[in-house]
Protein chains: 2
Amino acid sequence: MPPEWSSSPPELLLAVDRTSGRPLREQLEHAVRDAIRTSRLRTGERLPSTRELARALGLSRGLVQECYAQLLAEGYLVTRPGSATRVAAGAAAPPAALRPPAATTRLVADFRWGVPDLAAFPVDDWLWATREGVRAMPTAQFDYGDPRGSAALREVLAGYLRRVRAAAADPEHIVVCNGYAQGLGLALRVLAHGGVRTVAFEDPGTPDTVSASAAAAGLRAIPVPVDEHGLDVRALAATDARAVVVTPAHQWPTGVVLAPERRLALIAWARERDAYVVEDDYDAEFRYDREPVGALQGLAPDRVVSLGTVSKSLVPALRIGWMLCPPELSGPVGTEKNRSDRGTPTLDQFALARLIESGRFDRHLRRMRTTYAARRTALLGALAEHAPELPVTGLAAGFHAVAHLPDGADEQHVIDAARARAVGLYGMSPCLAAHTHTPTPARLVLGFGNVGERAISSGIAAVADLLTGSRTGRR
Amino acid sequence: MPPEWSSSPPELLLAVDRTSGRPLREQLEHAVRDAIRTSRLRTGERLPSTRELARALGLSRGLVQECYAQLLAEGYLVTRPGSATRVAAGAAAPPAALRPPAATTRLVADFRWGVPDLAAFPVDDWLWATREGVRAMPTAQFDYGDPRGSAALREVLAGYLRRVRAAAADPEHIVVCNGYAQGLGLALRVLAHGGVRTVAFEDPGTPDTVSASAAAAGLRAIPVPVDEHGLDVRALAATDARAVVVTPAHQWPTGVVLAPERRLALIAWARERDAYVVEDDYDAEFRYDREPVGALQGLAPDRVVSLGTVSKSLVPALRIGWMLCPPELSGPVGTEKNRSDRGTPTLDQFALARLIESGRFDRHLRRMRTTYAARRTALLGALAEHAPELPVTGLAAGFHAVAHLPDGADEQHVIDAARARAVGLYGMSPCLAAHTHTPTPARLVLGFGNVGERAISSGIAAVADLLTGSRTGRR
């Protein structure tokens, strides 16, 4: 018969068996020792007070005190005056082996893309907004909420997206989600339920992300080429796709802008084909010229699901995004969101609403535009100095550029050689749907969001010969 | 040709067309008016300063000032000394019709289940933990993180779950998720990938939640009956299911505890059938007797996916949960989590880790155990006074009870009649897999987590005759 479980929840679950005839003090000592030996209690963890444990177990406090005294004497426990009794160092089994931290050589410069300036995250503003947001939350909002997101945030986002992205944003058709990846997954599932069988994506683009989300939704994913005007809409129309994932404002990763006539053609295609466009509006907040491009969604709110995120404008760790849905899709998307996770954390939503509403979000964006503009200038300057022949494109917005390596250069070889000099470079190849480009020109995607100006300069200087093919970059 | 888009991102996206020949000031006025008329700018929204807008558009500041002055004169804008220029009330189109708030009659007492005491959420502790947690976060943690969750929280959770739930918790096999529903979805998807075709669930239980998650994973979901010892493991074994979702510590909603021999039989079934048990360990923190039940996972960590959540111990709005995975499933679950949403918000994870580590979480649980125990006593007292014959079960843990209405009572009728007296009652019927129980006994699931003691007493007093069938409860 299993022992009778007794305990002081929530502090510690311990077994004593009143039917066994063994003295209770001995049983309790054994139980605590056992919990320590088997690592249920680890070094430094607090034990309940003798009073709490005695009450919880229905034992006398004296008995528990004796037990603790014994285990202190045996070295299982330690205590300091005025402090809780804790598990002694060395008493517990060593913790389960943790994976060794990845061997990260400290890099001179790491041009990894997709990362904003992490150190610039406005911690104090966020804490302020969290405090203000939580304090303003009606008690009922601590319950499960509207799976589409809090009305407060959807209202604020709608205003923001109308202002800044010229979006046709209606709070009733916004669904707050946990970043772009979740938004994409929700959108594709809803489209699959609606009869879509094939989704197209840009090539180059994010083949792995789209393919994985498409597969999970039961969809086929097919690549459509991108040229200097953006997605080739004619090539799209030649497929049987009834959905397409695009980055119109700043194509990922080439950086080209979807040309005005292509925008119109894409919308015409969607209407004729009864198709939907999933717009990934990932970094349009940061543009360096005077020609920002409004969200495609503003032109055809009935045909475009527009996905936004704070992963670039603030930091990825927040995991907050949004979806502007065509009216007939917002209900199904909300249902999917509900099934998926019941809604995005409400406190974070109130914090973001407060941050935007207070003007602090705009202020942060202005500050970051200055920062990224300076880094962009540093990158262009370093390249002009050290690799003047190297064609660089895609710099109109965001914080990455594409460097076109000389004919015959080997992308992976350049990356490996740069790594040996402690410079992180990243190639275009992972952005390609493998089977459509052979052979592929060697290109680098240079992220400069999370690299300081000095690091940019010294990083480029350190690998200039690799970029120009004057040494090992060419085979 | 579309107009040239110029703007002051991120404050406001406005169009001026330098090729049109129309005066720029006139164009700018028109653009702002249009943004207000079409509700892109709504009442009270801030406009950029004239300096900012002038710089962004490459116009003279004087021109922008003239434009603002004109629109102030026209009543589109308002300004106060020292304050930003904003859109005037009444100038914008009325906001899109919002859904009217649900007609919530103010209830005397609402016995809705599944809701903890929302007003008791320790706001200050949470804000403290958020501040401490964020300040302790290394900058690199603001990036996309380990999709399984931050190492810091997984380590703290492992210690907590070993202590409190006697779980065999290894941080390497914990995946942090956004609450129970997401954890269930991830687990079922991974099991489906692994060849499982059918998942069983408890009846009564949560047929809608399990069925929806199962369907999304491509699984068939079948009910298995629950009796006074918990899930009928023999009935389970008679199905072709290779997975089952159970609530062993406190069966939802009957409140029975899975009997010791059933626990062993369930694990034996899983081993023989090469099957997995998904354990929903939802409210085991709150027990009122001296026999808490350890997590099933502790007995068979290789066969049990144990799901926990802070939705009952703190509040649902946080959307944080965890999964203890069998070692061979933790990798695939992490992959699914990554595809699904790239990971749970990191700042919230650091906050929860700090809250637990500091002892404030334990303190909150102790406080809440006292609160819920008092409410439980109030409920039992009110029922003893006003409906002494009514059998009530399932009260060993958590914050709900099952009231068994007299033979012939009509569940829905009692609920409707109670609502007419401003008392929220909820039936067992939605917890039943419809086709397996005919006819079903009339039962109520009385949640007392979010109802004060006085409301409990007056609520029960107000509906006593309905519960005992002495009036309209019987047909």
# chains A, B, ... in the order shown; residues from 1 in each chain; ligands from 1
call {"tool": "residues_around", "arguments": {"residues": "region 456-468 of chain B", "least_positions_apart": "5", "cutoff": "8 Å", "atoms": "only C-alpha atoms", "output": "ChimeraX atom specification"}}
result
/B:108-110,375,378-379,381-383,386-387,389-390,405-406,414,417-418,421,423,448,451,473-474
call {"tool": "residues_around", "arguments": {"residues": "Thr198 (chain A)", "least_positions_apart": "4", "cutoff": "12 Å", "atoms": "only C-alpha atoms", "output": "PDB file with N, CA and C atoms, in the first residue's frame"}}
result
ATOM      1  N   LEU A 188      -2.427  31.163 -41.503  1.00  0.00           N
ATOM      2  CA  LEU A 188      -2.413  30.042 -42.443  1.00  0.00           C
ATOM      3  C   LEU A 188      -3.439  28.976 -42.044  1.00  0.00           C
ATOM      4  N   ARG A 189      -3.617  28.771 -40.755  1.00  0.00           N
ATOM      5  CA  ARG A 189      -4.615  27.784 -40.324  1.00  0.00           C
ATOM      6  C   ARG A 189      -6.017  28.232 -40.753  1.00  0.00           C
ATOM      7  N   LEU A 191      -6.790  30.268 -43.177  1.00  0.00           N
ATOM      8  CA  LEU A 191      -6.916  30.182 -44.632  1.00  0.00           C
ATOM      9  C   LEU A 191      -7.112  28.724 -45.059  1.00  0.00           C
ATOM     10  N   ALA A 192      -6.416  27.813 -44.397  1.00  0.00           N
ATOM     11  CA  ALA A 192      -6.580  26.390 -44.730  1.00  0.00           C
ATOM     12  C   ALA A 192      -8.011  25.939 -44.454  1.00  0.00           C
ATOM     13  N   GLY A 194     -10.498  27.715 -44.660  1.00  0.00           N
ATOM     14  CA  GLY A 194     -11.339  28.356 -45.670  1.00  0.00           C
ATOM     15  C   GLY A 194     -11.151  27.777 -47.069  1.00  0.00           C
ATOM     16  N   VAL A 210       7.985  29.801 -43.319  1.00  0.00           N
ATOM     17  CA  VAL A 210       6.707  29.638 -44.010  1.00  0.00           C
ATOM     18  C   VAL A 210       6.400  28.159 -44.225  1.00  0.00           C
ATOM     19  N   SER A 211       7.410  27.395 -44.602  1.00  0.00           N
ATOM     20  CA  SER A 211       7.152  25.972 -44.862  1.00  0.00           C
ATOM     21  C   SER A 211       6.688  25.254 -43.599  1.00  0.00           C
ATOM     22  N   ALA A 214       3.176  26.386 -42.819  1.00  0.00           N
ATOM     23  CA  ALA A 214       2.260  25.848 -43.827  1.00  0.00           C
ATOM     24  C   ALA A 214       2.012  24.365 -43.570  1.00  0.00           C
ATOM     25  N   ALA A 215       3.076  23.626 -43.311  1.00  0.00           N
ATOM     26  CA  ALA A 215       2.926  22.191 -43.070  1.00  0.00           C
ATOM     27  C   ALA A 215       2.023  21.952 -41.868  1.00  0.00           C
ATOM     28  N   ALA A 217      -0.315  23.703 -40.905  1.00  0.00           N
ATOM     29  CA  ALA A 217      -1.690  24.042 -41.262  1.00  0.00           C
ATOM     30  C   ALA A 217      -2.230  23.136 -42.360  1.00  0.00           C
ATOM     31  N   GLY A 218      -1.401  22.208 -42.820  1.00  0.00           N
ATOM     32  CA  GLY A 218      -1.832  21.304 -43.882  1.00  0.00           C
ATOM     33  C   GLY A 218      -1.775  21.920 -45.265  1.00  0.00           C
ATOM     34  N   LEU A 219      -0.947  22.958 -45.429  1.00  0.00           N
ATOM     35  CA  LEU A 219      -0.842  23.639 -46.719  1.00  0.00           C
ATOM     36  C   LEU A 219       0.459  23.265 -47.419  1.00  0.00           C
ATOM     37  N   ARG A 220       0.433  23.366 -48.746  1.00  0.00           N
ATOM     38  CA  ARG A 220       1.644  23.251 -49.541  1.00  0.00           C
ATOM     39  C   ARG A 220       2.242  24.653 -49.653  1.00  0.00           C
ATOM     40  N   ALA A 221       3.546  24.767 -49.541  1.00  0.00           N
ATOM     41  CA  ALA A 221       4.212  26.071 -49.655  1.00  0.00           C
ATOM     42  C   ALA A 221       5.108  26.056 -50.878  1.00  0.00           C
ATOM     43  N   ILE A 222       4.956  27.077 -51.725  1.00  0.00           N
ATOM     44  CA  ILE A 222       5.783  27.124 -52.945  1.00  0.00           C
ATOM     45  C   ILE A 222       6.438  28.494 -53.082  1.00  0.00           C
ATOM     46  N   PRO A 223       7.681  28.510 -53.554  1.00  0.00           N
ATOM     47  CA  PRO A 223       8.401  29.783 -53.694  1.00  0.00           C
ATOM     48  C   PRO A 223       8.034  30.504 -54.987  1.00  0.00           C
ATOM     49  N   LEU A 236       3.599  34.515 -59.630  1.00  0.00           N
ATOM     50  CA  LEU A 236       2.636  34.082 -58.615  1.00  0.00           C
ATOM     51  C   LEU A 236       1.335  33.615 -59.268  1.00  0.00           C
ATOM     52  N   THR A 239       0.924  30.122 -60.583  1.00  0.00           N
ATOM     53  CA  THR A 239       0.801  28.998 -59.657  1.00  0.00           C
ATOM     54  C   THR A 239      -0.665  28.809 -59.285  1.00  0.00           C
ATOM     55  N   ASP A 240      -0.939  27.769 -58.513  1.00  0.00           N
ATOM     56  CA  ASP A 240      -2.315  27.574 -58.042  1.00  0.00           C
ATOM     57  C   ASP A 240      -2.507  28.117 -56.628  1.00  0.00           C
ATOM     58  N   ALA A 241      -1.550  28.928 -56.160  1.00  0.00           N
ATOM     59  CA  ALA A 241      -1.641  29.449 -54.794  1.00  0.00           C
ATOM     60  C   ALA A 241      -2.848  30.365 -54.648  1.00  0.00           C
ATOM     61  N   ARG A 242      -3.492  30.295 -53.489  1.00  0.00           N
ATOM     62  CA  ARG A 242      -4.561  31.248 -53.172  1.00  0.00           C
ATOM     63  C   ARG A 242      -4.213  32.053 -51.923  1.00  0.00           C
ATOM     64  N   ALA A 243      -2.926  32.044 -51.588  1.00  0.00           N
ATOM     65  CA  ALA A 243      -2.422  32.884 -50.500  1.00  0.00           C
ATOM     66  C   ALA A 243      -0.948  33.108 -50.768  1.00  0.00           C
ATOM     67  N   VAL A 244      -0.449  34.262 -50.299  1.00  0.00           N
ATOM     68  CA  VAL A 244       0.976  34.543 -50.490  1.00  0.00           C
ATOM     69  C   VAL A 244       1.473  35.352 -49.288  1.00  0.00           C
ATOM     70  N   VAL A 245       2.668  35.046 -48.848  1.00  0.00           N
ATOM     71  CA  VAL A 245       3.290  35.774 -47.744  1.00  0.00           C
ATOM     72  C   VAL A 245       4.325  36.725 -48.333  1.00  0.00           C
ATOM     73  N   ALA A 275      -8.123  35.252 -53.356  1.00  0.00           N
ATOM     74  CA  ALA A 275      -6.936  34.869 -52.577  1.00  0.00           C
ATOM     75  C   ALA A 275      -6.666  35.911 -51.504  1.00  0.00           C
ATOM     76  N   TYR A 276      -5.750  35.581 -50.605  1.00  0.00           N
ATOM     77  CA  TYR A 276      -5.372  36.500 -49.529  1.00  0.00           C
ATOM     78  C   TYR A 276      -3.871  36.746 -49.526  1.00  0.00           C
TER      79      TYR A 276
END
call {"tool": "closest_residue", "arguments": {"among": "B:Ala397, B:Ala353, B:Leu329, B:Met368", "to": "Tyr288 (chain B)", "atoms": "only C-alpha atoms"}}
result
B:Ala397
call {"tool": "residues_around", "arguments": {"residues": "Leu24 (chain B)", "least_positions_apart": "6", "cutoff": "10 Å", "atoms": "only C-alpha atoms", "output": "ChimeraX atom specification"}}
result
/B:16-18,30,59,63-64,67
call {"tool": "select_by_dssp", "arguments": {"residues": "region 23-191 of chain A", "states": "alpha helix (DSSP H)", "output": "PyMOL selection string"}}
result
chain A and resi 24-37+50-57+61-73+123-136+151-165+180-191
call {"tool": "residues_around", "arguments": {"residues": "Arg51 (chain A)", "least_positions_apart": "4", "cutoff": "9 Å", "atoms": "only C-alpha atoms", "output": "PyMOL selection string"}}
result
chain A and resi 55-56+60-61+64-65
call {"tool": "residues_around", "arguments": {"residues": "Ala237 (chain B)", "least_positions_apart": "4", "cutoff": "10 Å", "atoms": "only C-alpha atoms", "output": "ChimeraX atom specification"}}
result
/B:224,232-233,241-242,265-266,269-270,272-273
call {"tool": "atom_distance", "arguments": {"atom1": "CA of Asn338 (chain B)", "atom2": "CA of Ala212 (chain A)"}}
result
10.3 Å
call {"tool": "select_by_dssp", "arguments": {"residues": "region 254-445 of chain A", "states": "strand (DSSP E or B)", "output": "JSON, numbers by chain"}}
result
{"A": [276, 277, 278, 279, 280, 287, 304, 305, 306, 307, 308, 309, 321, 322, 323, 324, 392, 393, 397, 400, 401, 402, 403, 404, 409, 423, 424, 427, 443, 444, 445]}
call {"tool": "residues_around", "arguments": {"residues": "region 429-433 of chain B", "least_positions_apart": "6", "cutoff": "6 Å", "atoms": "only C-alpha atoms", "output": "PyMOL selection string"}}
result
chain B and resi 203-207
call {"tool": "atom_distance", "arguments": {"atom1": "CA of Arg443 (chain A)", "atom2": "CA of His404 (chain A)"}}
result
4.7 Å
call {"tool": "residues_around", "arguments": {"residues": "region 155-157 of chain A", "least_positions_apart": "6", "cutoff": "12 Å", "atoms": "only C-alpha atoms", "output": "compact mmCIF listing (two decimals) with C-alpha atoms, in the first residue's frame"}}
result
# COMPACT_ATOMS: atom_id res chain seq x y z
CA ARG A 148 -8.34 38.73 -29.74
CA GLY A 149 -6.55 40.89 -27.20
CA ARG A 163 -1.17 57.15 -38.25
CA VAL A 164 2.12 55.50 -38.97
CA ARG A 165 1.37 52.79 -41.52
CA ALA A 167 -3.38 51.09 -42.42
CA ALA A 168 -7.15 50.71 -42.53
CA ALA A 169 -7.06 49.56 -38.93
CA ASP A 170 -10.28 48.80 -37.09
CA PRO A 171 -9.90 47.59 -33.49
CA GLU A 172 -12.68 45.08 -34.11
CA HIS A 173 -10.57 43.28 -36.69
CA ILE A 174 -7.24 43.37 -34.89
CA VAL A 175 -6.05 40.23 -33.15
CA VAL A 176 -3.13 40.63 -30.77
CA GLY A 308 3.20 43.57 -37.20
CA THR A 309 5.48 43.02 -34.25
CA VAL A 310 7.52 44.84 -31.62
CA ILE A 320 3.95 40.84 -28.89
CA GLY A 321 2.56 41.25 -32.35
CA TRP A 322 -0.72 42.01 -34.06
CA MET A 323 -2.79 41.00 -37.04
CA LEU A 324 -5.02 43.31 -39.04
CA GLN A 349 -0.80 44.24 -23.56
CA PHE A 350 -1.71 46.97 -21.10
CA ALA A 351 1.95 47.92 -20.82
CA LEU A 352 2.34 48.24 -24.58
CA ALA A 353 -0.88 50.24 -24.85
CA ARG A 354 0.37 52.64 -22.21
CA LEU A 355 3.79 52.89 -23.84
CA ILE A 356 2.29 53.85 -27.20
CA GLU A 357 -0.41 56.10 -25.79
CA SER A 358 2.06 58.05 -23.67
CA GLY A 359 4.23 58.93 -26.65
CA PHE A 361 7.04 54.44 -27.94
CA ARG B 40 -6.67 57.64 -39.54
CA LEU B 41 -6.28 60.34 -36.90
CA ARG B 42 -8.89 60.26 -34.17
CA GLY B 44 -7.35 63.37 -28.98
CA GLU B 45 -4.49 61.86 -30.97
CA PRO B 95 -15.00 55.37 -34.26
CA ALA B 96 -16.12 52.10 -35.77
CA ALA B 97 -18.99 50.69 -33.80
CA LEU B 98 -17.63 48.60 -30.99
call {"tool": "decode", "arguments": {"residues": "region 128-146 of chain B", "atoms": "N, CA, C and O atoms", "output": "PDB file, in the first residue's frame"}}
result
ATOM      1  N   TRP B 128       7.287  44.215  -8.444  1.00  0.00           N
ATOM      2  CA  TRP B 128       8.619  44.088  -7.848  1.00  0.00           C
ATOM      3  C   TRP B 128       9.424  43.016  -8.585  1.00  0.00           C
ATOM      4  O   TRP B 128      10.569  43.235  -8.971  1.00  0.00           O
ATOM      5  N   ALA B 129       8.793  41.861  -8.801  1.00  0.00           N
ATOM      6  CA  ALA B 129       9.492  40.748  -9.448  1.00  0.00           C
ATOM      7  C   ALA B 129       9.838  41.096 -10.893  1.00  0.00           C
ATOM      8  O   ALA B 129      10.901  40.715 -11.397  1.00  0.00           O
ATOM      9  N   THR B 130       8.941  41.834 -11.555  1.00  0.00           N
ATOM     10  CA  THR B 130       9.219  42.249 -12.931  1.00  0.00           C
ATOM     11  C   THR B 130      10.441  43.162 -12.966  1.00  0.00           C
ATOM     12  O   THR B 130      11.359  42.983 -13.763  1.00  0.00           O
ATOM     13  N   ARG B 131      10.447  44.122 -12.065  1.00  0.00           N
ATOM     14  CA  ARG B 131      11.554  45.070 -12.009  1.00  0.00           C
ATOM     15  C   ARG B 131      12.859  44.342 -11.707  1.00  0.00           C
ATOM     16  O   ARG B 131      13.850  44.494 -12.409  1.00  0.00           O
ATOM     17  N   GLU B 132      12.830  43.525 -10.660  1.00  0.00           N
ATOM     18  CA  GLU B 132      14.029  42.781 -10.285  1.00  0.00           C
ATOM     19  C   GLU B 132      14.477  41.842 -11.419  1.00  0.00           C
ATOM     20  O   GLU B 132      15.659  41.732 -11.705  1.00  0.00           O
ATOM     21  N   GLY B 133      13.478  41.186 -12.004  1.00  0.00           N
ATOM     22  CA  GLY B 133      13.782  40.219 -13.060  1.00  0.00           C
ATOM     23  C   GLY B 133      14.384  40.897 -14.279  1.00  0.00           C
ATOM     24  O   GLY B 133      15.409  40.463 -14.807  1.00  0.00           O
ATOM     25  N   VAL B 134      13.767  41.984 -14.726  1.00  0.00           N
ATOM     26  CA  VAL B 134      14.250  42.666 -15.930  1.00  0.00           C
ATOM     27  C   VAL B 134      15.632  43.250 -15.687  1.00  0.00           C
ATOM     28  O   VAL B 134      16.516  43.157 -16.540  1.00  0.00           O
ATOM     29  N   ARG B 135      15.826  43.810 -14.518  1.00  0.00           N
ATOM     30  CA  ARG B 135      17.126  44.427 -14.243  1.00  0.00           C
ATOM     31  C   ARG B 135      18.221  43.379 -14.181  1.00  0.00           C
ATOM     32  O   ARG B 135      19.385  43.678 -14.430  1.00  0.00           O
ATOM     33  N   ALA B 136      17.844  42.149 -13.828  1.00  0.00           N
ATOM     34  CA  ALA B 136      18.844  41.078 -13.752  1.00  0.00           C
ATOM     35  C   ALA B 136      19.080  40.416 -15.108  1.00  0.00           C
ATOM     36  O   ALA B 136      19.977  39.598 -15.251  1.00  0.00           O
ATOM     37  N   MET B 137      18.269  40.775 -16.104  1.00  0.00           N
ATOM     38  CA  MET B 137      18.393  40.107 -17.407  1.00  0.00           C
ATOM     39  C   MET B 137      19.640  40.578 -18.145  1.00  0.00           C
ATOM     40  O   MET B 137      19.789  41.774 -18.397  1.00  0.00           O
ATOM     41  N   PRO B 138      20.515  39.643 -18.525  1.00  0.00           N
ATOM     42  CA  PRO B 138      21.625  40.041 -19.399  1.00  0.00           C
ATOM     43  C   PRO B 138      21.048  40.564 -20.718  1.00  0.00           C
ATOM     44  O   PRO B 138      19.994  40.097 -21.166  1.00  0.00           O
ATOM     45  N   THR B 139      21.734  41.536 -21.324  1.00  0.00           N
ATOM     46  CA  THR B 139      21.218  42.150 -22.556  1.00  0.00           C
ATOM     47  C   THR B 139      20.861  41.108 -23.609  1.00  0.00           C
ATOM     48  O   THR B 139      19.838  41.225 -24.291  1.00  0.00           O
ATOM     49  N   ALA B 140      21.685  40.073 -23.725  1.00  0.00           N
ATOM     50  CA  ALA B 140      21.447  39.064 -24.763  1.00  0.00           C
ATOM     51  C   ALA B 140      20.085  38.397 -24.604  1.00  0.00           C
ATOM     52  O   ALA B 140      19.535  37.853 -25.561  1.00  0.00           O
ATOM     53  N   GLN B 141      19.528  38.430 -23.395  1.00  0.00           N
ATOM     54  CA  GLN B 141      18.236  37.787 -23.154  1.00  0.00           C
ATOM     55  C   GLN B 141      17.068  38.568 -23.751  1.00  0.00           C
ATOM     56  O   GLN B 141      15.947  38.069 -23.776  1.00  0.00           O
ATOM     57  N   PHE B 142      17.319  39.788 -24.209  1.00  0.00           N
ATOM     58  CA  PHE B 142      16.243  40.539 -24.865  1.00  0.00           C
ATOM     59  C   PHE B 142      16.034  40.081 -26.310  1.00  0.00           C
ATOM     60  O   PHE B 142      15.119  40.517 -26.983  1.00  0.00           O
ATOM     61  N   ASP B 143      16.931  39.221 -26.784  1.00  0.00           N
ATOM     62  CA  ASP B 143      16.831  38.647 -28.126  1.00  0.00           C
ATOM     63  C   ASP B 143      15.795  37.511 -28.100  1.00  0.00           C
ATOM     64  O   ASP B 143      15.229  37.212 -27.056  1.00  0.00           O
ATOM     65  N   TYR B 144      15.565  36.891 -29.244  1.00  0.00           N
ATOM     66  CA  TYR B 144      14.836  35.630 -29.236  1.00  0.00           C
ATOM     67  C   TYR B 144      15.580  34.700 -28.296  1.00  0.00           C
ATOM     68  O   TYR B 144      16.809  34.666 -28.285  1.00  0.00           O
ATOM     69  N   GLY B 145      14.859  33.949 -27.510  1.00  0.00           N
ATOM     70  CA  GLY B 145      15.523  33.095 -26.534  1.00  0.00           C
ATOM     71  C   GLY B 145      15.378  31.626 -26.868  1.00  0.00           C
ATOM     72  O   GLY B 145      14.953  31.256 -27.964  1.00  0.00           O
ATOM     73  N   ASP B 146      15.745  30.792 -25.924  1.00  0.00           N
ATOM     74  CA  ASP B 146      15.524  29.359 -26.046  1.00  0.00           C
ATOM     75  C   ASP B 146      14.012  29.143 -26.098  1.00  0.00           C
ATOM     76  O   ASP B 146      13.301  29.564 -25.179  1.00  0.00           O
TER      77      ASP B 146
END
